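Here's the structure we're looking at; comments come further down.
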Amino acid sequence: MGCAVILRRGVLQSASFRCIVTAEGRNQKGVRSLTDAMSLMSARGLVEITDPEFDRPVFRQPGFDGTLTAKEMDEKISAWLKQTREAKGISRADLAHLLGLSVSVYGRYERGSEARLSIPRLIHLCEIMGFMPLDVIFDIAPHLWGKTLQEAEDRLTLTKLVEQLPQDTMRDLIRLLRRMTPGEQAADAVATSTSEGR
């Protein structure tokens with residue numbers, strides 16, 4: 001869905017943005033803000049969607065299989081948590097105890113949209129179950145890693161391989177990748193000349 005801009009009687013309108021502009025153009029900050037938001041929408045491929053969780057339209061990147069609502073994302077996160085817990089052989093009661101929660105409270109995380117997972121709780125779950133935050137995020141939104149599912153999966157595989165490297169090998173790989181990445185060569189040359197000039 002595109003973003004239409006209309007200037008009528010001093011009111012600049014977009015599908016969801018409203019910005020009052022006086023005839024003299026005094027509200028330049030508001031115009032700039034709208035223009036910046038529209039540029040961001042275009043650059044990031046954001047589309048306007050309606051989600052029952054929100055009173056207003058929201059802007060999201062479409063995933064490979066469409067755009068999930070907040071409830072659908074919560075349900076996928078819950079299913080992923082349950083599947084991961086079971087795959088690791090951890091009982092719900094043991095995990096709840098380690099999280100400092102009652103079994104019934106933890107159970108809400110695995111039952112869909114009954115409870116929202118906070119970032120601190122996600123980190124705690126990572127510490128206990130030994131997964132990385134990107135594991136659950138990738139399962140819900142792989143489109144954040146690439147333009148195609150194959151590209152996204154390749155990036156995830158590469159990340160997993162890099163996580164297993166020893167520290168000195170990672171540093172060597174970082175230097176190699178910087179030389180191979182467009183724009184990084186110039187930055188490396190400046191950094192090298194600066195450090196040699198000291």
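Chain labels follow the order of the structure tokens: the first chain is A, the next B, and so on; residue numbering restarts at 1 in every chain, and ligands are counted from 1 in their shown order.
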Sel. of helix (DSSP H, G or I) residues, stretch 9-191 of chain A, as JSON, numbers by chain: {"A": [28, 29, 30, 31, 32, 33, 34, 35, 36, 37, 38, 39, 40, 41, 42, 43, 44, 70, 71, 72, 73, 74, 75, 76, 77, 78, 79, 80, 81, 82, 83, 84, 85, 86, 87, 92, 93, 94, 95, 96, 97, 98, 99, 103, 104, 105, 106, 107, 108, 109, 110, 119, 120, 121, 122, 123, 124, 125, 126, 127, 128, 129, 133, 134, 135, 136, 137, 138, 139, 140, 142, 143, 144, 145, 149, 150, 151, 152, 153, 154, 155, 156, 157, 158, 159, 160, 161, 162, 163, 167, 168, 169, 170, 171, 172, 173, 174, 175, 176, 177, 178, 179, 180, 184, 185, 186, 187, 188, 189, 190, 191]}
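Those residues that approach stretch 131-146 of chain A to within 7 Å, counting only C-alpha atoms, are Gly63, Phe64, Met73, Lys76, Ile77, Trp80, Cys126, Glu151, Ala152 and Arg155 of chain A; same-chain residues fewer than 5 positions away are not listed.
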Which residue is closest to A:Ala70? Choose from A:Ala87, A:Pro120, A:Asp51, A:Lys82 and count only C-alpha atoms. A:Asp51
